[in-house]
>>> print(open('target_25.tsv').read())   # TSV, C-alpha atoms
chain	number	residue	atom	x	y	z
A	1314	MET	CA	17.86	-2.44	-10.82
A	1315	THR	CA	16.11	0.84	-10.16
A	1316	HIS	CA	12.47	1.79	-10.31
A	1317	ASP	CA	10.21	0.66	-13.13
A	1318	ARG	CA	10.46	3.56	-15.57
A	1319	LYS	CA	9.30	1.49	-18.55
A	1320	GLY	CA	5.57	1.76	-17.99
A	1321	LYS	CA	3.93	-1.66	-18.15
A	1322	LYS	CA	6.99	-3.48	-19.51
A	1323	LYS	CA	8.08	-6.73	-17.89
A	1324	SER	CA	11.64	-7.86	-17.30
A	1325	LEU	CA	12.46	-10.97	-19.37
A	1326	ILE	CA	15.68	-12.92	-18.84
A	1327	ILE	CA	16.84	-15.01	-21.81
A	1328	VAL	CA	18.84	-18.06	-20.73
A	1329	THR	CA	20.91	-19.35	-23.65
A	1330	VAL	CA	24.46	-19.89	-24.93
A	1331	TRP	CA	26.77	-17.53	-26.81
A	1332	ASP	CA	26.48	-19.21	-30.21
A	1333	VAL	CA	22.70	-18.76	-30.48
A	1334	ALA	CA	22.15	-15.75	-28.21
A	1335	ALA	CA	22.01	-13.22	-31.06
A	1336	THR	CA	19.43	-15.32	-32.91
A	1337	VAL	CA	17.24	-15.77	-29.84
A	1338	ILE	CA	17.29	-12.04	-29.07
A	1339	GLU	CA	16.40	-11.17	-32.66
A	1340	ASN	CA	13.52	-13.68	-32.68
A	1341	VAL	CA	12.05	-12.16	-29.53
A	1342	ARG	CA	12.45	-8.61	-30.80
A	1343	THR	CA	10.98	-9.20	-34.27
A	1344	SER	CA	7.90	-10.91	-32.85
A	1345	ASN	CA	6.53	-7.72	-31.28
A	1346	TYR	CA	7.91	-8.60	-27.84
A	1347	ALA	CA	10.37	-5.70	-27.78
A	1348	SER	CA	7.52	-3.38	-26.76
A	1349	GLN	CA	6.46	-5.74	-23.95
A	1350	TYR	CA	9.75	-6.69	-22.35
A	1351	MET	CA	13.00	-5.31	-21.03
A	1352	LEU	CA	15.53	-7.92	-22.14
A	1353	ARG	CA	18.66	-9.24	-20.45
A	1354	VAL	CA	20.73	-12.34	-21.13
A	1355	VAL	CA	22.17	-15.14	-19.00
A	1356	LEU	CA	24.87	-17.26	-20.66
A	1357	MET	CA	25.19	-20.90	-19.65
A	1358	ASP	CA	28.55	-21.36	-21.44
A	1359	ALA	CA	31.62	-22.35	-19.42
A	1360	GLU	CA	33.16	-18.94	-20.20
A	1361	GLY	CA	29.93	-17.07	-19.46
A	1362	ARG	CA	31.37	-15.37	-16.35
A	1363	GLU	CA	34.00	-13.61	-18.49
A	1364	ARG	CA	31.29	-12.10	-20.71
A	1365	ILE	CA	29.15	-10.57	-17.92
A	1366	GLY	CA	28.64	-6.87	-18.66
A	1367	GLN	CA	29.11	-7.30	-22.40
A	1368	ARG	CA	26.24	-6.84	-24.85
A	1369	ILE	CA	24.74	-9.00	-27.57
A	1370	ASN	CA	22.68	-7.06	-30.11
A	1371	GLY	CA	22.45	-4.27	-27.54
A	1372	VAL	CA	21.21	-6.56	-24.73
A	1373	GLU	CA	23.36	-6.77	-21.60
A	1374	ILE	CA	24.68	-10.08	-20.30
A	1375	GLY	CA	23.69	-9.97	-16.65
A	1376	ALA	CA	24.82	-13.33	-15.29
A	1377	CYS	CA	26.23	-16.76	-16.07
A	1378	GLY	CA	25.34	-20.28	-14.98
A	1379	ASP	CA	27.22	-19.91	-11.68
A	1380	THR	CA	25.61	-16.60	-10.71
A	1381	VAL	CA	22.12	-16.79	-12.22
A	1382	ILE	CA	20.27	-17.83	-9.02
A	1383	GLU	CA	21.77	-14.93	-7.08
A	1384	PHE	CA	21.02	-12.61	-10.03
A	1385	VAL	CA	17.34	-13.57	-10.20
A	1386	CYS	CA	17.03	-13.34	-6.42
A	1387	ARG	CA	18.42	-9.77	-6.29
A	1388	GLU	CA	17.09	-8.22	-9.52
A	1389	TRP	CA	13.74	-7.31	-11.01
A	1390	VAL	CA	12.78	-10.44	-12.99
A	1391	ASP	CA	9.22	-11.21	-14.13
A	1392	GLU	CA	9.80	-14.03	-16.59
A	1393	VAL	CA	12.57	-16.29	-17.88
A	1394	LEU	CA	12.87	-17.79	-21.37
A	1395	ILE	CA	15.11	-20.87	-21.51
A	1396	ALA	CA	16.19	-21.19	-25.14
A	1397	LEU	CA	19.05	-23.67	-25.30
A	1398	PRO	CA	20.17	-25.64	-28.37
A	1399	ARG	CA	19.21	-29.33	-28.54
A	1400	GLU	CA	22.68	-30.56	-27.67
A	1401	ALA	CA	22.97	-28.38	-24.53
A	1402	PRO	CA	22.29	-30.15	-21.21
A	1403	PHE	CA	19.07	-29.06	-19.55
A	1404	PRO	CA	19.59	-27.09	-16.27
A	1405	ASP	CA	17.01	-29.08	-14.32
A	1406	GLY	CA	18.01	-27.76	-10.89
A	1407	PHE	CA	18.02	-24.16	-12.10
A	1408	TYR	CA	14.58	-24.64	-13.68
A	1409	ARG	CA	13.08	-25.98	-10.45
A	1410	TYR	CA	14.68	-23.19	-8.41
A	1411	LEU	CA	13.03	-20.59	-10.67
A	1412	ILE	CA	9.58	-22.12	-10.24
A	1413	GLU	CA	9.95	-22.26	-6.46
A	1414	MET	CA	11.10	-18.61	-6.46
A	1415	GLY	CA	7.79	-17.59	-8.04
A	1416	VAL	CA	9.21	-16.69	-11.47
A	1417	THR	CA	7.26	-17.56	-14.64
A	1418	VAL	CA	9.43	-19.76	-16.86
A	1419	HIS	CA	9.00	-20.22	-20.62
A	1420	LEU	CA	10.62	-23.43	-21.82
A	1421	ASN	CA	11.15	-24.52	-25.42
A	1422	LEU	CA	8.97	-27.61	-25.82
A	1423	LEU	CA	12.00	-29.51	-27.07
A	1424	LYS	CA	13.30	-29.16	-23.52
A	1425	ALA	CA	9.96	-29.44	-21.71
A	1426	VAL	CA	9.88	-30.95	-18.24
A	1427	LYS	CA	6.72	-31.94	-16.37
A	1428	GLN	CA	6.45	-29.98	-13.11
A	1429	ASP	CA	3.68	-31.35	-10.90
A	1430	GLY	CA	1.68	-28.98	-8.75
A	1431	HIS	CA	2.30	-25.86	-10.85
A	1432	ARG	CA	0.36	-24.20	-13.62
A	1433	GLN	CA	1.70	-25.04	-17.09
A	1434	ASP	CA	0.48	-23.59	-20.42
A	1435	VAL	CA	1.64	-23.94	-24.01
A	1436	LYS	CA	2.06	-20.60	-25.80
A	1437	LYS	CA	4.14	-18.71	-28.35
A	1438	LEU	CA	7.06	-16.50	-27.36
A	1439	GLY	CA	8.63	-15.04	-30.45
A	1440	GLU	CA	9.44	-17.88	-32.83
A	1441	TYR	CA	9.42	-20.39	-30.00
A	1442	THR	CA	6.63	-22.66	-28.87
A	1443	VAL	CA	7.13	-22.80	-25.13
A	1444	LEU	CA	5.78	-24.46	-22.03
A	1445	SER	CA	5.19	-21.71	-19.48
A	1446	SER	CA	5.31	-22.80	-15.83
A	1447	SER	CA	4.30	-20.67	-12.86
A	1448	PHE	CA	3.76	-21.16	-9.13
A	1449	TYR	CA	1.14	-18.39	-8.97
A	1450	ARG	CA	-2.14	-19.68	-10.39
A	1451	ILE	CA	-4.43	-16.86	-11.51
A	1452	SER	CA	-6.37	-16.41	-14.73
A	1453	VAL	CA	-6.82	-13.16	-16.63
A	1454	LYS	CA	-10.40	-12.93	-15.34
A	1455	GLN	CA	-9.30	-13.52	-11.75
A	1456	ALA	CA	-6.52	-10.94	-12.09
A	1457	ALA	CA	-9.05	-8.41	-13.41
A	1458	CYS	CA	-11.38	-9.09	-10.46
A	1459	LYS	CA	-8.52	-8.71	-7.98
A	1460	ARG	CA	-7.47	-5.43	-9.60
A	1461	LEU	CA	-11.09	-4.16	-9.55
A	1462	LEU	CA	-11.25	-4.94	-5.83
A	1463	ASP	CA	-7.98	-3.04	-5.38
A	1464	ILE	CA	-9.28	-0.01	-7.29
A	1465	ILE	CA	-12.51	0.14	-5.28
A	1466	GLY	CA	-10.64	-0.34	-2.02
A	1467	GLY	CA	-7.95	2.13	-3.09
A	1468	ILE	CA	-10.49	4.87	-3.82
A	1469	VAL	CA	-12.31	4.35	-0.52
A	1470	GLY	CA	-9.02	4.18	1.35
A	1471	CYS	CA	-7.67	7.36	-0.25
A	1472	VAL	CA	-10.82	9.25	0.77
A	1473	LEU	CA	-10.40	8.04	4.35
A	1474	THR	CA	-6.72	8.98	4.21
A	1475	LEU	CA	-7.58	12.57	3.25
A	1476	MET	CA	-9.94	12.74	6.23
A	1477	LEU	CA	-7.21	11.39	8.52
A	1478	VAL	CA	-4.73	13.98	7.21
A	1479	ILE	CA	-7.03	16.71	8.52
A	1480	VAL	CA	-7.42	15.03	11.91
A	1481	ILE	CA	-4.05	13.51	12.79
A	1482	GLY	CA	-1.75	15.51	10.51
A	1483	PRO	CA	-1.60	18.57	12.80
A	1484	VAL	CA	-1.21	16.31	15.86
A	1485	ILE	CA	1.83	14.60	14.35
A	1486	CYS	CA	3.42	17.97	13.58
A	1487	PHE	CA	2.63	19.27	17.07
A	1488	TYR	CA	4.35	16.41	18.92
A	1489	SER	CA	7.13	15.94	16.35
A	1490	PRO	CA	7.76	18.79	13.90
A	1491	GLY	CA	8.43	17.47	10.43
A	1492	PRO	CA	6.63	15.83	7.51
A	1493	ILE	CA	3.28	14.13	8.04
A	1494	PHE	CA	4.16	11.25	5.74
A	1495	PHE	CA	6.99	8.74	5.92
A	1496	VAL	CA	8.26	7.68	2.49
A	1497	GLN	CA	10.48	4.63	2.12
A	1498	GLU	CA	11.80	2.63	-0.82
A	1499	ARG	CA	10.43	-0.91	-0.84
A	1500	VAL	CA	10.69	-3.94	-3.12
A	1501	GLY	CA	7.53	-5.07	-4.88
A	1502	LYS	CA	6.42	-7.76	-7.32
A	1503	ASN	CA	9.31	-9.66	-8.88
A	1504	GLY	CA	11.87	-7.13	-7.64
A	1505	ARG	CA	10.34	-3.83	-8.82
A	1506	ARG	CA	11.24	-0.98	-6.49
A	1507	PHE	CA	8.75	1.70	-5.46
A	1508	PHE	CA	8.19	4.29	-2.76
A	1509	MET	CA	5.71	3.27	-0.06
A	1510	TYR	CA	3.80	5.89	1.95
A	1511	LYS	CA	2.80	5.82	5.63
A	1512	PHE	CA	1.68	8.35	8.23
A	1513	ARG	CA	4.77	9.17	10.23
A	1514	SER	CA	4.51	7.52	13.65
A	1515	MET	CA	8.21	7.85	14.51
A	1516	TYR	CA	10.63	10.69	15.04
A	1517	PRO	CA	12.32	12.07	11.90
A	1518	ASP	CA	15.66	10.37	12.72
A	1519	ALA	CA	14.09	6.91	13.04
A	1520	GLU	CA	15.99	5.42	10.10
A	1521	GLU	CA	19.35	6.62	11.43
A	1522	ARG	CA	18.59	5.27	14.92
A	1523	LYS	CA	17.56	1.90	13.51
A	1524	LYS	CA	21.23	0.92	13.20
A	1525	GLU	CA	21.71	1.54	16.91
A	1526	LEU	CA	18.85	-0.81	17.78
A	1527	THR	CA	19.89	-3.74	15.58
A	1528	GLU	CA	20.94	-5.85	18.57
A	1529	LYS	CA	17.41	-5.63	20.00
A	1530	ASN	CA	15.77	-6.94	16.84
A	1531	GLN	CA	13.39	-9.78	17.73
A	1532	VAL	CA	13.44	-11.31	14.24
A	1533	LYS	CA	16.47	-13.55	13.88
A	1534	ASP	CA	18.97	-13.02	11.05
A	1535	GLY	CA	17.70	-9.45	10.60
A	1536	MET	CA	15.33	-10.49	7.81
A	1537	MET	CA	12.76	-8.09	9.25
A	1538	PHE	CA	12.95	-5.47	11.99
A	1539	LYS	CA	10.69	-5.61	15.03
A	1540	ILE	CA	11.34	-4.63	18.65
A	1541	GLU	CA	9.14	-4.02	21.68
A	1542	ASN	CA	8.85	-0.52	23.17
A	1543	ASP	CA	10.57	1.04	20.18
A	1544	PRO	CA	12.07	4.35	21.44
A	1545	ARG	CA	11.73	5.88	17.98
A	1546	ILE	CA	7.93	6.02	18.25
A	1547	ILE	CA	6.56	9.53	18.82
A	1548	GLY	CA	5.63	9.74	22.52
A	1549	GLY	CA	6.34	6.05	23.05
A	1550	GLU	CA	3.83	3.20	22.95
A	1551	ARG	CA	1.23	5.33	24.78
A	1552	GLY	CA	1.84	8.51	22.81
A	1553	ILE	CA	0.40	9.66	19.49
A	1554	GLY	CA	2.81	7.45	17.56
A	1555	GLY	CA	1.79	4.39	19.55
A	1556	PHE	CA	-1.89	5.24	19.05
A	1557	ILE	CA	-1.42	5.54	15.28
A	1558	ARG	CA	0.36	2.19	15.11
A	1559	LYS	CA	-1.99	0.37	17.49
A	1560	TYR	CA	-4.96	1.07	15.24
A	1561	SER	CA	-2.89	0.72	12.02
A	1562	LEU	CA	-3.72	4.31	11.02
A	1563	ASP	CA	-0.17	4.67	9.70
A	1564	GLU	CA	-0.99	2.20	6.92
A	1565	PHE	CA	-3.75	4.28	5.29
A	1566	PRO	CA	-1.54	6.25	2.85
A	1567	GLN	CA	-0.65	2.92	1.24
A	1568	PHE	CA	-4.07	2.95	-0.39
A	1569	TRP	CA	-2.45	5.43	-2.80
A	1570	ASN	CA	0.13	2.74	-3.62
A	1571	VAL	CA	-2.76	0.33	-4.20
A	1572	LEU	CA	-4.55	2.76	-6.50
A	1573	LYS	CA	-1.34	3.28	-8.48
A	1574	GLY	CA	-0.98	-0.47	-8.94
A	1575	GLU	CA	2.26	-0.79	-6.96
A	1576	MET	CA	0.54	-2.70	-4.15
A	1577	SER	CA	-2.62	-4.71	-3.61
A	1578	LEU	CA	-5.04	-4.79	-0.70
A	1579	ILE	CA	-3.94	-8.37	0.02
A	1580	GLY	CA	-0.43	-9.76	-0.32
A	1581	SER	CA	2.89	-10.10	1.47
A	1582	ARG	CA	4.41	-7.06	3.17
A	1583	PRO	CA	6.98	-5.40	0.89
A	1584	PRO	CA	10.53	-5.77	2.22
A	1585	THR	CA	12.94	-2.87	2.56
A	1586	VAL	CA	15.88	-2.91	0.17
A	1587	ASP	CA	18.35	-3.97	2.87
A	1588	GLU	CA	16.06	-6.83	3.93
A	1589	TRP	CA	15.67	-7.94	0.31
A	1590	MET	CA	19.43	-8.08	-0.16
A	1591	LYS	CA	19.58	-10.72	2.61
A	1592	TYR	CA	17.04	-13.01	0.94
A	1593	GLU	CA	17.95	-16.57	0.04
A	1594	TRP	CA	16.49	-18.04	-3.14
A	1595	HIS	CA	13.44	-19.63	-1.45
A	1596	HIS	CA	12.44	-16.31	0.14
A	1597	ARG	CA	11.79	-14.79	-3.29
A	1598	ILE	CA	8.38	-16.50	-3.49
A	1599	ARG	CA	7.15	-13.57	-1.35
A	1600	LEU	CA	7.64	-11.37	-4.43
A	1601	ALA	CA	5.58	-13.55	-6.79
A	1602	THR	CA	2.56	-11.27	-6.29
A	1603	LYS	CA	2.07	-7.58	-5.63
A	1604	PRO	CA	2.78	-6.72	-2.00
A	1605	GLY	CA	-0.26	-5.97	0.13
A	1606	ILE	CA	-1.45	-3.77	2.96
A	1607	THR	CA	-2.52	-6.92	4.75
A	1608	GLY	CA	-2.16	-10.68	4.32
A	1609	LEU	CA	-2.06	-14.06	6.02
A	1610	TRP	CA	0.82	-13.00	8.25
A	1611	GLN	CA	-1.09	-9.99	9.58
A	1612	ILE	CA	-4.15	-12.06	10.54
A	1613	SER	CA	-2.11	-14.95	11.98
A	1614	GLY	CA	-0.75	-13.30	15.08
A	1615	ARG	CA	0.97	-10.40	13.28
A	1616	SER	CA	3.40	-8.99	15.86
A	1617	LYS	CA	3.54	-12.35	17.68
A	1618	ILE	CA	5.31	-14.05	14.75
A	1619	LYS	CA	9.04	-13.42	15.00
A	1620	ASP	CA	10.35	-16.28	12.84
A	1621	PHE	CA	10.87	-15.03	9.29
A	1622	GLU	CA	10.64	-18.56	7.86
A	1623	GLU	CA	7.11	-18.76	9.28
A	1624	VAL	CA	6.29	-15.48	7.53
A	1625	VAL	CA	7.63	-16.94	4.25
A	1626	ARG	CA	5.59	-20.11	4.78
A	1627	LEU	CA	2.39	-18.10	5.22
A	1628	ASP	CA	3.14	-15.97	2.14
A	1629	LYS	CA	3.84	-19.10	0.08
A	1630	GLU	CA	0.58	-20.61	1.32
A	1631	TYR	CA	-1.25	-17.48	0.17
A	1632	VAL	CA	0.34	-17.61	-3.31
A	1633	ASP	CA	-0.32	-21.33	-3.74
A	1634	ASN	CA	-3.97	-21.20	-2.60
A	1635	TRP	CA	-5.04	-17.78	-3.87
A	1636	SER	CA	-8.74	-17.11	-4.47
A	1637	LEU	CA	-10.91	-14.00	-4.54
A	1638	LYS	CA	-13.01	-15.42	-1.70
A	1639	GLY	CA	-9.81	-15.91	0.25
A	1640	ASP	CA	-8.87	-12.25	-0.25
A	1641	ILE	CA	-12.24	-11.08	1.00
A	1642	ARG	CA	-11.95	-13.40	4.00
A	1643	ILE	CA	-8.50	-11.93	4.83
A	1644	LEU	CA	-9.92	-8.39	4.55
A	1645	VAL	CA	-12.70	-9.22	7.02
A	1646	LYS	CA	-10.27	-10.84	9.47
A	1647	THR	CA	-7.92	-7.85	9.12
A	1648	VAL	CA	-10.65	-5.44	10.19
A	1649	LYS	CA	-11.37	-7.68	13.17
A	1650	ALA	CA	-7.66	-7.87	14.08
A	1651	VAL	CA	-7.29	-4.05	13.94
A	1652	VAL	CA	-10.42	-3.45	16.02
A	1653	THR	CA	-9.21	-5.91	18.66
A	1654	LYS	CA	-5.70	-4.38	18.46
A	1655	ASP	CA	-4.16	-7.81	17.84
A	1656	GLY	CA	-0.69	-6.56	16.88
A	1657	ALA	CA	0.36	-4.07	14.22
A	1658	CYS	CA	0.95	-4.55	10.51
>>> encode(input="target_25.tsv", output="structure tokens")
Amino acid sequence: MTHDRKGKKKSLIIVTVWDVAATVIENVRTSNYASQYMLRVVLMDAEGRERIGQRINGVEIGACGDTVIEFVCREWVDEVLIALPREAPFPDGFYRYLIEMGVTVHLNLLKAVKQDGHRQDVKKLGEYTVLSSSFYRISVKQAACKRLLDIIGGIVGCVLTLMLVIVIGPVICFYSPGPIFFVQERVGKNGRRFFMYKFRSMYPDAEERKKELTEKNQVKDGMMFKIENDPRIIGGERGIGGFIRKYSLDEFPQFWNVLKGEMSLIGSRPPTVDEWMKYEWHHRIRLATKPGITGLWQISGRSKIKDFEEVVRLDKEYVDNWSLKGDIRILVKTVKAVVTKDGAC
């Protein structure tokens, strides 16, 4: 899946069987949901694998029962509608996996299952009355407040970024001729891809040299990349590149990503595409919210944490216990961590 070129549309996966798939798709489309969602289908039939790539009423079949977990883990998926006929067995394990991955699931009430510890609401989706379950608990009012905080912070941050461009931009070019900004494709909320911006603190060939340094990676399994005394940093740890990273000045251009709505001030760090492709199903909870400039990981030892599962645990803790007061508390602690130079984001 490429970048979100559909404006504010969400990606909805319809889980059903071949015999009723056309009817389900038509019900969703004729109920004014076509303008809200990009649709794809998962077939739970025994022969579903043979139909992958085919289309039903113009909607592509993306996966089958055997491949659906991998499909959801790797693709941009916001919500899932499970619309199975009464006689079809309920995919209980699949349903629970989806919830734990941070995906919102709409379930026909005829197939409803109580899921303790998660938010559940009854609503209409097309012609179906569904029970919607989600790990991420946030109301419309709370989401609006969080977005307002992001907009205010994004505006202030962008102003500061412009000031930094004037100050450190020429210095970067002097010590390492090339662009001032580093642009990299990252994976955001529910699998959306976007381009993240940073002040360039490394030499222009840093991405190419990364492959040569893989063996020195301090994060096991290569789920993230972090090494000490990285030779790709401009001037080394004590040079201009090290200075920029020590005080997290390289992160300031991301306020533009926040203002655009691709990131938030607070959230998990967005993985690179190659990191994302290594994710197991339980890692996907990191993508349940918009990625952030800072988060629990950054204020909990940041560079000292080298176990990716600990990073996932902290991100899951943030999602499960989110509050606006908590976001403000993380912001305050982030400023303290940067001032005391306690690691780098």
>>> closest_atom_pairs(input="target_25.tsv", of="region 1458-1555 of chain A", to="region 1640-1644 of chain A", cutoff="12 Å", atoms="all atoms listed in the file", output="CSV")
residue,atom,partner,partner_atom,distance
A:Cys1458,CA,A:Asp1640,CA,11.0
A:Lys1459,CA,A:Asp1640,CA,8.5
A:Arg1460,CA,A:Asp1640,CA,11.7
A:Leu1462,CA,A:Ile1641,CA,9.2
A:Asp1463,CA,A:Asp1640,CA,10.6
A:Gly1466,CA,A:Leu1644,CA,10.4
>>> residues_around(input="target_25.tsv", residues="Gly1366 (chain A)", least_positions_apart="3", cutoff="9 Å", atoms="all atoms listed in the file", output="ChimeraX atom specification")
/A:1363,1373-1376
>>> closest_residue(input="target_25.tsv", among="A:Pro1566, A:Gly1378, A:Gly1639, A:Pro1404", to="Gly1580 (chain A)", atoms="only C-alpha atoms")
A:Gly1639
>>> residues_around(input="target_25.tsv", residues="Gly1491 (chain A)", least_positions_apart="3", cutoff="12 Å", atoms="all atoms listed in the file", output="PyMOL selection string")
chain A and resi 1482-1488+1494-1495+1512-1518+1547
>>> write_last_selection(input="target_25.tsv", atoms="C-alpha atoms", output="PDB file, keeping the file's coordinate frame")
ATOM      1  CA  GLY A1482      -1.750  15.510  10.510  1.00  0.00           C
ATOM      2  CA  PRO A1483      -1.600  18.570  12.800  1.00  0.00           C
ATOM      3  CA  VAL A1484      -1.210  16.310  15.860  1.00  0.00           C
ATOM      4  CA  ILE A1485       1.830  14.600  14.350  1.00  0.00           C
ATOM      5  CA  CYS A1486       3.420  17.970  13.580  1.00  0.00           C
ATOM      6  CA  PHE A1487       2.630  19.270  17.070  1.00  0.00           C
ATOM      7  CA  TYR A1488       4.350  16.410  18.920  1.00  0.00           C
ATOM      8  CA  PHE A1494       4.160  11.250   5.740  1.00  0.00           C
ATOM      9  CA  PHE A1495       6.990   8.740   5.920  1.00  0.00           C
ATOM     10  CA  PHE A1512       1.680   8.350   8.230  1.00  0.00           C
ATOM     11  CA  ARG A1513       4.770   9.170  10.230  1.00  0.00           C
ATOM     12  CA  SER A1514       4.510   7.520  13.650  1.00  0.00           C
ATOM     13  CA  MET A1515       8.210   7.850  14.510  1.00  0.00           C
ATOM     14  CA  TYR A1516      10.630  10.690  15.040  1.00  0.00           C
ATOM     15  CA  PRO A1517      12.320  12.070  11.900  1.00  0.00           C
ATOM     16  CA  ASP A1518      15.660  10.370  12.720  1.00  0.00           C
ATOM     17  CA  ILE A1547       6.560   9.530  18.820  1.00  0.00           C
TER      18      ILE A1547
END
>>> closest_residue(input="target_25.tsv", among="A:Met1509, A:Met1576, A:Glu1498, A:Asp1543", to="Asn1530 (chain A)", atoms="all atoms listed in the file")
A:Asp1543
>>> closest_residue(input="target_25.tsv", among="A:Ala1456, A:Leu1352, A:Ile1553, A:Ala1396", to="Val1328 (chain A)", atoms="only C-alpha atoms")
A:Ala1396
>>> atom_distance(input="target_25.tsv", atom1="CA of Val1453 (chain A)", atom2="CA of Arg1506 (chain A)")
24.0 Å
>>> atom_distance(input="target_25.tsv", atom1="CA of Asn1570 (chain A)", atom2="CA of Glu1388 (chain A)")
21.0 Å
>>> residues_around(input="target_25.tsv", residues="Gly1605 (chain A)", least_positions_apart="2", cutoff="6 Å", atoms="all atoms listed in the file", output="list of chain:residue names")
A:Met1576, A:Ser1577, A:Leu1578, A:Ile1579, A:Gly1580, A:Ser1581, A:Arg1582, A:Thr1607
>>> residues_around(input="target_25.tsv", residues="region 1353-1356 of chain A", least_positions_apart="3", cutoff="9 Å", atoms="all atoms listed in the file", output="ChimeraX atom specification")
/A:1324-1331,1334,1338,1359-1362,1364-1365,1368-1369,1372-1378,1381
>>> write_last_selection(input="target_25.tsv", atoms="C-alpha atoms", output="compact mmCIF listing (two decimals), in the coordinates of the input")
# COMPACT_ATOMS: atom_id res chain seq x y z
CA SER A 1324 11.64 -7.86 -17.30
CA LEU A 1325 12.46 -10.97 -19.37
CA ILE A 1326 15.68 -12.92 -18.84
CA ILE A 1327 16.84 -15.01 -21.81
CA VAL A 1328 18.84 -18.06 -20.73
CA THR A 1329 20.91 -19.35 -23.65
CA VAL A 1330 24.46 -19.89 -24.93
CA TRP A 1331 26.77 -17.53 -26.81
CA ALA A 1334 22.15 -15.75 -28.21
CA ILE A 1338 17.29 -12.04 -29.07
CA ALA A 1359 31.62 -22.35 -19.42
CA GLU A 1360 33.16 -18.94 -20.20
CA GLY A 1361 29.93 -17.07 -19.46
CA ARG A 1362 31.37 -15.37 -16.35
CA ARG A 1364 31.29 -12.10 -20.71
CA ILE A 1365 29.15 -10.57 -17.92
CA ARG A 1368 26.24 -6.84 -24.85
CA ILE A 1369 24.74 -9.00 -27.57
CA VAL A 1372 21.21 -6.56 -24.73
CA GLU A 1373 23.36 -6.77 -21.60
CA ILE A 1374 24.68 -10.08 -20.30
CA GLY A 1375 23.69 -9.97 -16.65
CA ALA A 1376 24.82 -13.33 -15.29
CA CYS A 1377 26.23 -16.76 -16.07
CA GLY A 1378 25.34 -20.28 -14.98
CA VAL A 1381 22.12 -16.79 -12.22
>>> closest_residue(input="target_25.tsv", among="A:Glu1413, A:Leu1397, A:Ile1481, A:Thr1343", to="Val1443 (chain A)", atoms="only C-alpha atoms")
A:Leu1397
